[in-house]
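Enquirer: Next comes structure.cif, mmCIF, C-alpha atoms (C1' of nucleotides):
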data_protein
loop_
_atom_site.label_atom_id
_atom_site.label_comp_id
_atom_site.auth_asym_id
_atom_site.auth_seq_id
_atom_site.Cartn_x
_atom_site.Cartn_y
_atom_site.Cartn_z
CA MET A 1 4.60 -18.88 9.14
CA GLU A 2 4.24 -22.01 11.28
CA ALA A 3 1.03 -20.69 12.75
CA ALA A 4 -0.19 -19.89 9.24
CA ILE A 5 0.54 -23.40 7.98
CA THR A 6 -1.39 -24.86 10.89
CA LEU A 7 -4.37 -22.54 10.85
CA PHE A 8 -4.79 -22.18 7.07
CA GLY A 9 -4.68 -25.97 6.91
CA GLU A 10 -7.21 -26.39 9.70
CA ARG A 11 -9.82 -23.80 8.89
CA GLY A 12 -8.81 -22.35 5.55
CA TYR A 13 -7.58 -18.92 4.66
CA GLU A 14 -10.72 -16.82 5.00
CA ASN A 15 -11.72 -18.32 8.31
CA THR A 16 -8.38 -17.53 9.85
CA THR A 17 -8.28 -14.09 11.40
CA ILE A 18 -5.11 -12.12 11.93
CA ALA A 19 -5.94 -12.05 15.62
CA ALA A 20 -6.06 -15.86 15.72
CA LEU A 21 -2.84 -16.05 13.78
CA ALA A 22 -1.20 -13.68 16.24
CA GLU A 23 -2.40 -15.63 19.21
CA ALA A 24 -1.27 -18.95 17.76
CA ALA A 25 2.14 -17.45 17.05
CA GLY A 26 2.25 -15.99 20.55
CA VAL A 27 2.75 -12.42 19.37
CA GLY A 28 0.68 -9.27 19.09
CA LYS A 29 -1.37 -8.38 16.06
CA GLY A 30 0.82 -5.41 15.22
CA THR A 31 3.93 -7.57 15.19
CA ILE A 32 2.58 -9.58 12.29
CA TYR A 33 2.26 -6.42 10.28
CA SER A 34 5.90 -5.60 10.79
CA TYR A 35 6.76 -8.81 8.92
CA PHE A 36 3.94 -8.96 6.38
CA ARG A 37 2.22 -6.04 4.76
CA SER A 38 -1.16 -7.70 4.43
CA LYS A 39 -3.00 -10.91 5.04
CA ASN A 40 -2.61 -11.82 1.39
CA GLU A 41 1.13 -11.43 1.67
CA ILE A 42 1.09 -14.16 4.30
CA LEU A 43 -0.78 -16.36 1.87
CA LEU A 44 1.74 -15.80 -0.90
CA ALA A 45 4.69 -16.40 1.40
CA PHE A 46 2.97 -19.58 2.53
CA CYS A 47 2.47 -20.74 -1.03
CA GLU A 48 5.98 -19.86 -2.06
CA GLU A 49 7.21 -22.51 0.38
CA GLU A 50 4.54 -25.06 -0.37
CA LEU A 51 4.83 -24.75 -4.10
CA ALA A 52 8.60 -25.09 -4.10
CA TYR A 53 8.08 -28.42 -2.37
CA ILE A 54 5.33 -29.51 -4.72
CA HIS A 55 7.33 -28.56 -7.76
CA GLU A 56 10.20 -30.67 -6.54
CA GLU A 57 7.79 -33.57 -6.27
CA ILE A 58 6.44 -33.00 -9.76
CA ARG A 59 9.94 -32.87 -11.11
CA ARG A 60 10.61 -36.31 -9.67
CA LYS A 61 7.47 -37.73 -11.23
CA LEU A 62 8.27 -36.41 -14.70
CA THR A 63 9.60 -39.17 -16.89
CA PRO A 64 11.91 -37.75 -19.55
CA GLU A 65 10.60 -40.05 -22.26
CA ALA A 66 6.95 -38.99 -21.91
CA SER A 67 5.39 -36.78 -24.56
CA LEU A 68 5.18 -33.05 -24.06
CA GLN A 69 1.43 -33.26 -23.65
CA ASP A 70 1.72 -35.87 -20.94
CA LYS A 71 4.30 -33.86 -19.06
CA MET A 72 2.20 -30.75 -19.21
CA LEU A 73 -0.86 -32.65 -18.14
CA LEU A 74 0.94 -34.11 -15.14
CA LEU A 75 2.32 -30.75 -14.16
CA PHE A 76 -0.90 -28.81 -14.43
CA MET A 77 -3.09 -31.47 -12.87
CA SER A 78 -0.79 -31.62 -9.85
CA GLU A 79 -1.07 -27.88 -9.65
CA PHE A 80 -4.81 -28.07 -10.07
CA ASN A 81 -5.17 -30.60 -7.31
CA TYR A 82 -3.13 -28.48 -4.97
CA VAL A 83 -4.92 -25.25 -5.74
CA THR A 84 -8.37 -26.73 -5.56
CA LYS A 85 -7.87 -28.88 -2.49
CA ASN A 86 -9.52 -25.93 -0.81
CA LYS A 87 -11.56 -24.04 -3.37
CA GLU A 88 -11.65 -20.72 -1.59
CA PHE A 89 -7.98 -20.84 -0.73
CA GLY A 90 -7.08 -21.51 -4.35
CA ARG A 91 -9.30 -18.70 -5.52
CA THR A 92 -7.58 -16.17 -3.35
CA LEU A 93 -4.18 -17.48 -4.41
CA MET A 94 -4.95 -17.39 -8.11
CA ARG A 95 -6.48 -13.95 -7.89
CA GLU A 96 -3.37 -12.65 -6.24
CA MET A 97 -1.09 -14.49 -8.65
CA MET A 98 -2.77 -13.45 -11.87
CA PHE A 99 -3.82 -9.94 -10.95
CA PRO A 100 -1.47 -8.85 -8.20
CA ARG A 101 -1.63 -5.55 -6.42
CA GLU A 102 1.45 -3.41 -6.75
CA LEU A 103 2.56 -4.54 -3.30
CA MET A 104 2.38 -8.20 -4.23
CA VAL A 105 4.08 -8.10 -7.57
CA GLN A 106 7.44 -9.33 -6.33
CA HIS A 107 5.87 -12.28 -4.55
CA SER A 108 3.71 -13.37 -7.42
CA ARG A 109 6.67 -13.04 -9.75
CA LYS A 110 8.79 -15.26 -7.56
CA ILE A 111 6.16 -17.97 -7.68
CA GLU A 112 5.72 -17.53 -11.41
CA ASP A 113 9.45 -17.89 -11.86
CA GLN A 114 9.33 -21.25 -10.10
CA PHE A 115 6.90 -22.31 -12.78
CA ILE A 116 8.82 -20.86 -15.62
CA GLY A 117 11.88 -22.75 -14.49
CA MET A 118 10.06 -26.05 -14.76
CA PHE A 119 8.50 -25.14 -18.06
CA VAL A 120 11.77 -24.16 -19.65
CA ARG A 121 13.34 -27.44 -18.70
CA ILE A 122 10.50 -29.36 -20.26
CA PHE A 123 10.34 -27.20 -23.35
CA LYS A 124 14.04 -27.56 -24.04
CA GLU A 125 13.71 -31.34 -23.90
CA ALA A 126 10.73 -31.17 -26.20
CA GLN A 127 12.57 -28.98 -28.65
CA GLU A 128 15.42 -31.44 -28.73
CA GLN A 129 13.00 -34.23 -29.49
CA GLY A 130 11.48 -32.21 -32.28
CA GLN A 131 8.13 -31.86 -30.51
CA LEU A 132 8.27 -28.06 -30.27
CA ARG A 133 9.16 -25.23 -32.57
CA ARG A 134 12.51 -23.59 -31.89
CA ASP A 135 11.52 -20.20 -33.22
CA VAL A 136 9.12 -19.38 -30.40
CA GLU A 137 10.54 -17.69 -27.33
CA MET A 138 10.44 -19.68 -24.10
CA ILE A 139 8.36 -17.05 -22.38
CA MET A 140 5.80 -17.25 -25.17
CA LEU A 141 5.63 -21.01 -24.89
CA CYS A 142 5.01 -20.62 -21.17
CA GLY A 143 2.29 -18.16 -21.99
CA HIS A 144 0.50 -20.49 -24.36
CA PHE A 145 0.39 -23.38 -21.96
CA TYR A 146 -0.27 -21.39 -18.86
CA GLY A 147 -2.99 -19.50 -20.68
CA ILE A 148 -4.75 -22.73 -21.47
CA TYR A 149 -4.45 -23.81 -17.87
CA MET A 150 -5.80 -20.51 -16.63
CA ILE A 151 -8.85 -20.75 -18.84
CA ALA A 152 -9.54 -24.28 -17.72
CA LEU A 153 -9.16 -23.29 -14.08
CA SER A 154 -11.40 -20.33 -14.59
CA ALA A 155 -13.98 -22.52 -16.27
CA TRP A 156 -13.85 -24.77 -13.24
CA TYR A 157 -14.40 -21.87 -10.88
CA SER A 158 -17.36 -20.66 -12.86
CA GLY A 159 -18.83 -24.15 -13.05
CA ARG A 160 -18.43 -24.67 -16.79
CA LEU A 161 -16.12 -27.57 -16.03
CA GLN A 162 -17.42 -29.55 -13.11
CA SER A 163 -15.09 -32.40 -12.33
CA GLU A 164 -11.37 -32.94 -12.22
CA ASP A 165 -11.82 -35.19 -15.23
CA ASP A 166 -13.55 -32.47 -17.20
CA VAL A 167 -10.57 -30.25 -16.53
CA ARG A 168 -8.11 -32.93 -17.56
CA GLU A 169 -9.97 -33.66 -20.78
CA SER A 170 -10.17 -30.00 -21.68
CA LEU A 171 -6.51 -29.46 -21.04
CA LYS A 172 -5.58 -32.48 -23.09
CA MET A 173 -7.68 -31.37 -26.01
CA MET A 174 -6.49 -27.81 -25.95
CA PHE A 175 -2.83 -28.76 -25.68
CA GLU A 176 -3.27 -30.89 -28.74
CA GLN A 177 -4.96 -28.05 -30.59
CA ALA A 178 -2.34 -25.52 -29.56
CA LEU A 179 0.40 -27.79 -30.82
CA THR A 180 -1.18 -28.54 -34.15
CA GLY A 181 -2.52 -25.03 -34.63
CA LEU A 182 -5.97 -23.56 -35.11
CA MET A 183 -5.55 -22.92 -38.80
CA PRO A 184 -6.85 -25.48 -41.23
CA LYS A 185 -4.22 -27.71 -42.77
CA ASP A 186 -4.02 -26.83 -46.42
CA GLY A 187 -5.82 -29.91 -47.59
CA GLN A 188 -8.91 -29.28 -45.49
CA ARG A 189 -9.48 -25.75 -46.68
CA HIS A 190 -12.55 -24.60 -48.60
CA GLU A 191 -14.73 -27.55 -47.77
CA SER A 192 -17.53 -25.11 -46.99
CA ALA A 193 -20.97 -26.50 -47.78
CA MET B 1 -26.65 2.11 -10.24
CA GLU B 2 -26.57 5.80 -11.18
CA ALA B 3 -24.78 6.63 -7.97
CA ALA B 4 -22.34 3.80 -8.67
CA ILE B 5 -21.58 5.05 -12.16
CA THR B 6 -20.87 8.51 -10.77
CA LEU B 7 -18.83 7.53 -7.74
CA PHE B 8 -16.87 4.64 -9.27
CA GLY B 9 -15.98 6.98 -12.09
CA GLU B 10 -14.97 9.79 -9.75
CA ARG B 11 -12.94 8.00 -7.11
CA GLY B 12 -12.65 4.44 -8.32
CA TYR B 13 -14.14 1.31 -6.91
CA GLU B 14 -12.08 0.77 -3.78
CA ASN B 15 -12.34 4.36 -2.63
CA THR B 16 -16.10 4.29 -2.83
CA THR B 17 -17.72 3.12 0.39
CA ILE B 18 -21.14 1.59 0.58
CA ALA B 19 -22.11 4.37 2.96
CA ALA B 20 -21.15 6.98 0.34
CA LEU B 21 -23.03 5.06 -2.31
CA ALA B 22 -26.10 4.94 -0.10
CA GLU B 23 -25.96 8.63 0.65
CA ALA B 24 -25.47 9.55 -3.01
CA ALA B 25 -28.44 7.39 -3.91
CA GLY B 26 -30.48 8.92 -1.09
CA VAL B 27 -31.24 5.62 0.60
CA GLY B 28 -30.07 3.73 3.67
CA LYS B 29 -27.14 1.36 3.65
CA GLY B 30 -29.35 -1.63 4.26
CA THR B 31 -31.51 -0.86 1.24
CA ILE B 32 -28.54 -1.33 -1.06
CA TYR B 33 -28.11 -4.82 0.29
CA SER B 34 -31.67 -5.72 -0.56
CA TYR B 35 -30.81 -5.13 -4.22
CA PHE B 36 -27.19 -6.31 -4.32
CA ARG B 37 -25.67 -9.07 -2.25
CA SER B 38 -22.21 -7.52 -2.03
CA LYS B 39 -20.13 -4.60 -3.15
CA ASN B 40 -18.60 -6.73 -5.88
CA GLU B 41 -22.04 -7.52 -7.20
CA ILE B 42 -22.56 -3.83 -7.77
CA LEU B 43 -19.33 -3.77 -9.74
CA LEU B 44 -20.40 -6.66 -11.93
CA ALA B 45 -23.83 -5.21 -12.53
CA PHE B 46 -22.14 -1.94 -13.44
CA CYS B 47 -19.83 -3.69 -15.89
CA GLU B 48 -22.57 -5.74 -17.40
CA GLU B 49 -24.15 -2.51 -18.61
CA GLU B 50 -20.94 -0.83 -19.62
CA LEU B 51 -19.59 -3.83 -21.46
CA ALA B 52 -22.77 -4.41 -23.41
CA TYR B 53 -22.36 -0.89 -24.71
CA ILE B 54 -18.67 -1.30 -25.48
CA HIS B 55 -19.25 -4.57 -27.25
CA GLU B 56 -21.81 -2.92 -29.44
CA GLU B 57 -19.21 -0.33 -30.33
CA ILE B 58 -16.59 -2.95 -31.11
CA ARG B 59 -19.03 -4.78 -33.28
CA ARG B 60 -19.51 -1.65 -35.34
CA LYS B 61 -15.80 -1.17 -35.77
CA LEU B 62 -15.20 -4.73 -36.95
CA THR B 63 -14.74 -4.82 -40.69
CA PRO B 64 -15.84 -8.20 -42.05
CA GLU B 65 -12.97 -8.40 -44.51
CA ALA B 66 -10.21 -8.03 -41.92
CA SER B 67 -8.12 -11.05 -40.96
CA LEU B 68 -9.00 -13.07 -37.90
CA GLN B 69 -5.89 -11.81 -36.12
CA ASP B 70 -6.82 -8.21 -36.75
CA LYS B 71 -10.33 -8.71 -35.52
CA MET B 72 -9.13 -10.38 -32.38
CA LEU B 73 -6.58 -7.69 -31.81
CA LEU B 74 -9.16 -4.95 -32.16
CA LEU B 75 -11.54 -6.72 -29.84
CA PHE B 76 -9.06 -7.47 -27.10
CA MET B 77 -7.29 -4.14 -27.25
CA SER B 78 -10.63 -2.36 -26.85
CA GLU B 79 -11.29 -4.57 -23.90
CA PHE B 80 -7.83 -3.95 -22.55
CA ASN B 81 -8.23 -0.21 -22.80
CA TYR B 82 -11.52 -0.33 -20.97
CA VAL B 83 -10.34 -2.62 -18.22
CA THR B 84 -7.11 -0.78 -17.61
CA LYS B 85 -8.48 2.76 -17.82
CA ASN B 86 -8.50 2.41 -14.07
CA LYS B 87 -5.98 -0.24 -13.07
CA GLU B 88 -7.45 -1.10 -9.71
CA PHE B 89 -10.97 -1.17 -11.00
CA GLY B 90 -9.96 -3.54 -13.78
CA ARG B 91 -8.12 -5.77 -11.36
CA THR B 92 -11.17 -6.24 -9.20
CA LEU B 93 -13.31 -6.87 -12.24
CA MET B 94 -10.97 -9.45 -13.74
CA ARG B 95 -10.53 -11.22 -10.43
CA GLU B 96 -14.26 -11.53 -10.08
CA MET B 97 -14.69 -12.58 -13.69
CA MET B 98 -12.00 -15.22 -13.81
CA PHE B 99 -12.29 -16.63 -10.31
CA PRO B 100 -15.82 -15.84 -9.18
CA ARG B 101 -17.22 -16.66 -5.80
CA GLU B 102 -20.22 -18.96 -5.83
CA LEU B 103 -22.52 -15.97 -5.42
CA MET B 104 -21.10 -14.20 -8.45
CA VAL B 105 -21.04 -17.08 -10.86
CA GLN B 106 -24.23 -16.10 -12.66
CA HIS B 107 -23.05 -12.55 -13.15
CA SER B 108 -19.63 -13.45 -14.44
CA ARG B 109 -21.19 -16.00 -16.75
CA LYS B 110 -23.52 -13.41 -18.18
CA ILE B 111 -20.61 -11.16 -19.01
CA GLU B 112 -18.63 -14.07 -20.42
CA ASP B 113 -21.56 -14.96 -22.58
CA GLN B 114 -21.52 -11.48 -24.08
CA PHE B 115 -17.97 -12.22 -25.11
CA ILE B 116 -18.66 -15.65 -26.39
CA GLY B 117 -21.40 -14.25 -28.58
CA MET B 118 -18.97 -11.91 -30.26
CA PHE B 119 -16.33 -14.57 -30.60
CA VAL B 120 -18.63 -17.06 -32.19
CA ARG B 121 -19.72 -14.60 -34.82
CA ILE B 122 -16.11 -13.84 -35.70
CA PHE B 123 -15.03 -17.46 -35.65
CA LYS B 124 -17.84 -18.53 -37.93
CA GLU B 125 -16.81 -15.91 -40.46
CA ALA B 126 -13.21 -17.03 -40.16
CA GLN B 127 -14.17 -20.65 -40.68
CA GLU B 128 -16.07 -19.73 -43.80
CA GLN B 129 -13.03 -17.93 -45.12
CA GLY B 130 -10.88 -20.96 -44.37
CA GLN B 131 -8.88 -19.16 -41.71
CA LEU B 132 -9.93 -21.46 -38.90
CA ARG B 133 -10.30 -25.18 -38.42
CA ARG B 134 -13.83 -26.49 -38.39
CA ASP B 135 -13.13 -29.46 -36.18
CA VAL B 136 -12.51 -27.42 -33.02
CA GLU B 137 -15.52 -26.61 -30.87
CA MET B 138 -16.45 -22.94 -30.62
CA ILE B 139 -16.01 -22.96 -26.86
CA MET B 140 -12.49 -24.29 -27.29
CA LEU B 141 -11.63 -21.60 -29.79
CA CYS B 142 -12.87 -19.01 -27.33
CA GLY B 143 -10.69 -20.62 -24.72
CA HIS B 144 -7.57 -20.43 -26.82
CA PHE B 145 -7.93 -16.78 -27.65
CA TYR B 146 -9.22 -15.68 -24.29
CA GLY B 147 -6.44 -17.64 -22.62
CA ILE B 148 -3.87 -15.72 -24.57
CA TYR B 149 -5.53 -12.46 -23.64
CA MET B 150 -5.65 -13.43 -19.97
CA ILE B 151 -1.97 -14.20 -19.91
CA ALA B 152 -1.10 -10.94 -21.58
CA LEU B 153 -3.30 -9.02 -19.17
CA SER B 154 -1.79 -10.84 -16.25
CA ALA B 155 1.69 -10.06 -17.52
CA TRP B 156 0.68 -6.41 -17.66
CA TYR B 157 -0.58 -6.47 -14.09
CA SER B 158 2.62 -8.07 -12.88
CA GLY B 159 4.74 -5.59 -14.83
CA ARG B 160 6.22 -8.04 -17.32
CA LEU B 161 4.51 -6.12 -20.09
CA GLN B 162 4.74 -2.43 -19.44
CA SER B 163 3.01 -0.51 -22.17
CA GLU B 164 -0.12 -0.90 -24.21
CA ASP B 165 2.13 -1.52 -27.19
CA ASP B 166 3.91 -4.36 -25.43
CA VAL B 167 0.56 -5.96 -24.83
CA ARG B 168 -0.52 -5.49 -28.45
CA GLU B 169 2.70 -6.96 -29.78
CA SER B 170 2.50 -9.96 -27.49
CA LEU B 171 -1.08 -10.64 -28.43
CA LYS B 172 -0.28 -10.38 -32.09
CA MET B 173 2.63 -12.74 -31.85
CA MET B 174 0.78 -15.29 -29.76
CA PHE B 175 -2.30 -15.26 -31.97
CA GLU B 176 -0.06 -16.01 -34.91
CA GLN B 177 1.63 -18.84 -33.05
CA ALA B 178 -1.65 -20.30 -31.85
CA LEU B 179 -2.95 -20.33 -35.40
CA THR B 180 0.10 -21.93 -36.94
CA GLY B 181 0.70 -24.28 -34.03
CA LEU B 182 3.57 -24.82 -31.64
CA MET B 183 4.74 -28.02 -33.26
CA PRO B 184 7.50 -27.84 -35.82
CA LYS B 185 6.40 -28.10 -39.42
CA ASP B 186 7.63 -31.40 -40.74
CA GLY B 187 10.43 -29.88 -42.76
CA GLN B 188 11.98 -28.13 -39.78
CA ARG B 189 12.17 -31.18 -37.58
CA HIS B 190 15.45 -32.73 -36.38
CA GLU B 191 17.61 -29.77 -37.14
CA SER B 192 19.13 -30.18 -33.67
CA ALA B 193 22.79 -29.21 -33.54
"C1'" DG C 1 -61.81 5.60 7.94
"C1'" DC C 2 -59.70 1.78 10.19
"C1'" DA C 3 -57.36 -2.70 10.85
"C1'" DT C 4 -54.24 -6.06 9.11
"C1'" DC C 5 -50.55 -7.86 6.90
"C1'" DA C 6 -46.66 -8.07 3.62
"C1'" DA C 7 -42.90 -5.65 1.67
"C1'" DA C 8 -39.51 -2.24 1.78
"C1'" DT C 9 -36.43 0.67 4.35
"C1'" DT C 10 -33.37 1.76 7.86
"C1'" DG C 11 -29.24 2.57 10.75
"C1'" DA C 12 -27.26 0.67 14.99
"C1'" DC C 13 -24.37 -2.97 15.35
"C1'" DC C 14 -20.72 -6.67 14.44
"C1'" DG C 15 -16.42 -8.74 12.99
"C1'" DG C 16 -12.14 -8.41 10.97
"C1'" DA C 17 -8.25 -6.05 8.39
"C1'" DG C 18 -5.06 -2.76 8.94
"C1'" DT C 19 -2.87 1.67 11.63
"C1'" DC C 20 -0.40 4.15 15.03
"C1'" DG C 21 1.24 6.12 19.34
"C1'" DT C 22 3.03 3.98 23.32
"C1'" DT C 23 5.74 0.65 25.81
"C1'" DT C 24 9.16 -2.89 26.14
"C1'" DT C 25 13.35 -5.01 24.72
"C1'" DT C 26 17.79 -4.93 22.65
"C1'" DT C 27 22.03 -2.88 21.45
"C1'" DA C 28 25.75 0.49 21.84
"C1'" DT C 29 28.44 3.71 24.64
"C1'" DT C 30 30.75 5.59 28.52
"C1'" DA D 1 26.28 -0.45 35.96
"C1'" DA D 2 24.05 3.48 34.07
"C1'" DT D 3 22.36 5.89 30.11
"C1'" DA D 4 20.98 6.77 25.73
"C1'" DA D 5 19.39 5.47 21.33
"C1'" DA D 6 17.43 2.22 18.12
"C1'" DA D 7 14.45 -1.69 17.17
"C1'" DA D 8 10.72 -4.62 18.04
"C1'" DA D 9 6.35 -5.61 20.04
"C1'" DC D 10 2.00 -4.33 21.27
"C1'" DG D 11 -3.11 -3.75 21.43
"C1'" DA D 12 -6.55 -0.02 21.48
"C1'" DC D 13 -8.45 2.17 17.76
"C1'" DT D 14 -10.36 3.26 13.05
"C1'" DC D 15 -12.62 2.10 9.05
"C1'" DC D 16 -15.62 -0.47 6.20
"C1'" DG D 17 -18.35 -4.38 4.41
"C1'" DG D 18 -22.08 -6.80 5.70
"C1'" DT D 19 -26.24 -8.19 9.08
"C1'" DC D 20 -30.58 -7.87 11.32
"C1'" DA D 21 -34.28 -6.48 14.46
"C1'" DA D 22 -37.20 -2.69 14.46
"C1'" DT D 23 -39.83 0.62 11.94
"C1'" DT D 24 -42.13 2.70 8.04
"C1'" DT D 25 -44.72 2.35 3.93
"C1'" DG D 26 -48.27 0.67 1.17
"C1'" DA D 27 -51.71 -2.44 -0.34
"C1'" DT D 28 -56.18 -4.93 0.71
"C1'" DG D 29 -60.54 -5.76 2.86
"C1'" DC D 30 -64.31 -4.36 5.59
#
Show how you would write the structure in this file as structure tokens.
Expert:
Amino acid sequence: MEAAITLFGERGYENTTIAALAEAAGVGKGTIYSYFRSKNEILLAFCEEELAYIHEEIRRKLTPEASLQDKMLLLFMSEFNYVTKNKEFGRTLMREMMFPRELMVQHSRKIEDQFIGMFVRIFKEAQEQGQLRRDVEMIMLCGHFYGIYMIALSAWYSGRLQSEDDVRESLKMMFEQALTGLMPKDGQRHESA
Amino acid sequence: MEAAITLFGERGYENTTIAALAEAAGVGKGTIYSYFRSKNEILLAFCEEELAYIHEEIRRKLTPEASLQDKMLLLFMSEFNYVTKNKEFGRTLMREMMFPRELMVQHSRKIEDQFIGMFVRIFKEAQEQGQLRRDVEMIMLCGHFYGIYMIALSAWYSGRLQSEDDVRESLKMMFEQALTGLMPKDGQRHESA
DNA sequence: GCATCAAATTGACCGGAGTCGTTTTTTATT
DNA sequence: AATAAAAAACGACTCCGGTCAATTTGATGC
């Protein structure tokens, strides 16, 4: 793991070979595979540690009196900055997180659960302040917000959103829309030309 | 492409080697790489064709008088069934679609645009019937619905949602919530115990 | 028919992920 | 200390995606 932190940081994930990792760790190539089942598993283990740290940091930055939107924005933009510090690294991570192979499911779940923990805390506060419906399951709320984040991230990877600011603006707008709903308010209905 | 359709169908994407593809097509390995830049590019090209066909089929099934939710459900469940017919094939496709490498961006955009075309048609109808706000950009609407689908699909890949029915139910519920909004209606506010 | 050049084709080759039979180290037993 | 058994470490090897220099094909002009 120490070798991974060093080498992934230095040259990125794809440019780090297992052989190099083994050498840096002072062990044989085969030994690595008796602790990790694949190169991607090393990445996830690596991120599990890193993200736990980052989440702790986010938690400290979160001011309880901020609006739900602002909290979400802070959380996801921190995440975004971490994931996209190295574009190719983040891509591999997100691919493995969102669409894990059978072997990786436990890992990606563990990381997801870190997220869910933070979300739930924030959502409960928001419910108490009357900013969020109480009749929507926590896991669904997570889904709504994370779904929006995923789409924004994906749009960034495909070049539809180009800058960090584009991403922030999109998130902000979509959070607002998700909260108020996509249906017309009754008054606005039937204004068709 | 013909060889790809045959072999991907027979043994799946990962179990098809470029060498096998070349042999089946009756050409050398190198020749393939003068038409496609990578194995994944073959996959995307393959899906571009397939999906165009499937989308045409969906379009035929869509009854104009159905509710927005029902239309979306039909569309995404068709998609879901296609993508998950072969789990590993779908995983690779979704990974490449959502988090494309620089080289693949054009391809994944083309496929996305097929989707967006369908969405826009449906959304316009829904707006005319007063089922959808008019002050939200089309691309944002796409984002909301596709985001929900992505999350559901991801939950299926990570085992949180186990059956097709679980996925359908989740989609249904989340569409409803996205339409009505996650904020409390004014009446319900401040009912905290 | 022949020469020339561009385009297309090819498969030997390369690098890296992952496997496996062998060797080394550790632990347990007498 | 000697021996046996279990665990850990190892790196040569396999497999496959992708590259590239060499070769073949085909078009054009004389």
Enquirer: Any idea what's packed within 12 Å of D:DC15, counting all atoms listed in the file, ignoring anything in its chain fewer than 6 positions away? Could you give it as an MDAnalysis selection string?
Expert: (chainID B and resid 15 17 19) or (chainID C and resid 16:19)
Enquirer: Restrict the selected residues to C-alpha atoms (C1' of nucleotides) and save them as a PDB file, keeping the file's coordinate frame.
Expert:
ATOM      1  CA  ASN B  15     -12.340   4.360  -2.630  1.00  0.00           C
ATOM      2  CA  THR B  17     -17.720   3.120   0.390  1.00  0.00           C
ATOM      3  CA  ALA B  19     -22.110   4.370   2.960  1.00  0.00           C
TER       4      ALA B  19
ATOM      5  C1'  DG C  16     -12.140  -8.410  10.970  1.00  0.00           C
ATOM      6  C1'  DA C  17      -8.250  -6.050   8.390  1.00  0.00           C
ATOM      7  C1'  DG C  18      -5.060  -2.760   8.940  1.00  0.00           C
ATOM      8  C1'  DT C  19      -2.870   1.670  11.630  1.00  0.00           C
TER       9       DT C  19
END
Enquirer: Can you give me, as number ranges by chain, the residues this file yields under the PyMOL selection byres ((chain C and resi 3) around 10)?
Expert: C: 1-2, 4-5; D: 29-30
Enquirer: Selection in question (the file shown): the PyMOL selection byres ((chain D) within 10 of (chain A)). Which residues does it include, as a PyMOL selection string?
Expert: chain D and resi 8-11
Enquirer: Given the file above and the PyMOL selection byres ((chain A) within 8 of (chain C)), which residues are selected, and can you give them as a PyMOL selection string?
Expert: chain A and resi 17-18+38-39
Enquirer: Could you please select, counting only C-alpha atoms, the residues of chain B within 7 Å of chain A and state them as JSON, numbers by chain?
Expert: {"B": [91, 95, 98, 99, 100, 105, 128, 130, 131, 132, 133, 143, 144, 147, 148, 150, 151, 154, 157, 158, 178, 179, 180, 181, 182, 183, 184, 189, 190, 192]}
Enquirer: Using all atoms listed in the file, which protein or nucleic acid residues come within 8 Å of A:Ala3? Drop anything in the same chain fewer than 6 positions from it, and give the result as a list of chain:residue names.
Expert: A:Leu21, A:Ala24, A:Ala25
Enquirer: Atom CA of B:Glu10 to atom CA of B:Leu75: how many Å, to one decimal?
Expert: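 Computing the Euclidean distance for atom CA of B:Glu10 and atom CA of B:Leu75 yields 26.2 Å.
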Enquirer: Select, from B:Leu7, B:Phe119, B:Ile42, B:Leu103, the residue with the minimum atom-to-atom distance to B:Phe76, counting all atoms listed in the file.
Expert: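 Looking at the shortest contact to B:Phe76, the residue is B:Phe119.
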Enquirer: For atom CA of B:Lys124 and atom CA of B:Leu68, determine how far apart the two atoms are, in Å to one decimal place.
Expert: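 Those two atoms sit 10.4 Å apart.
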Enquirer: To one decimal in Å, tell me the separation between atom CA of B:Gly9 and atom CA of B:Asn86.
Expert: 9.0 Å
Enquirer: Between B:Glu41, B:Glu112, B:Glu23, B:Glu125, which residue has the minimum interatomic distance to B:Lys71, considering only C-alpha atoms?
Expert: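 Comparing B:Glu41, B:Glu112, B:Glu23, B:Glu125 against B:Lys71, the winner is B:Glu125.
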Enquirer: For B:Lys110, find every residue with an atom within 10 Å (counting all atoms listed in the file), except residues of its own chain fewer than 5 positions away, and show them as an MDAnalysis selection string.
Expert: chainID B and resid 44:45 48 97 105 115:116
Enquirer: Counting all atoms listed in the file, figure out which residue out of A:Leu161, A:Met118, A:Ala20, A:Leu93 gets nearest to A:Thr6.
Expert: A:Ala20
Enquirer: Atoms are missing here; could stretch 86-90 of chain B be completed with N, CA and C atoms and written as an mmCIF file, keeping the file's coordinate frame?
Expert:
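Just written: rebuild.cif:
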data_model
loop_
_atom_site.group_PDB
_atom_site.id
_atom_site.type_symbol
_atom_site.label_atom_id
_atom_site.label_comp_id
_atom_site.auth_asym_id
_atom_site.auth_seq_id
_atom_site.Cartn_x
_atom_site.Cartn_y
_atom_site.Cartn_z
ATOM 1 N N ASN B 86 -8.782 2.285 -15.498
ATOM 2 C CA ASN B 86 -8.500 2.410 -14.070
ATOM 3 C C ASN B 86 -7.967 1.057 -13.606
ATOM 4 N N LYS B 87 -6.687 1.019 -13.323
ATOM 5 C CA LYS B 87 -5.980 -0.240 -13.070
ATOM 6 C C LYS B 87 -6.632 -1.069 -11.979
ATOM 7 N N GLU B 88 -6.948 -0.395 -10.884
ATOM 8 C CA GLU B 88 -7.450 -1.100 -9.710
ATOM 9 C C GLU B 88 -8.877 -1.575 -9.932
ATOM 10 N N PHE B 89 -9.608 -0.786 -10.630
ATOM 11 C CA PHE B 89 -10.970 -1.170 -11.000
ATOM 12 C C PHE B 89 -10.945 -2.426 -11.890
ATOM 13 N N GLY B 90 -10.086 -2.402 -12.886
ATOM 14 C CA GLY B 90 -9.960 -3.540 -13.780
ATOM 15 C C GLY B 90 -9.503 -4.788 -13.060
#
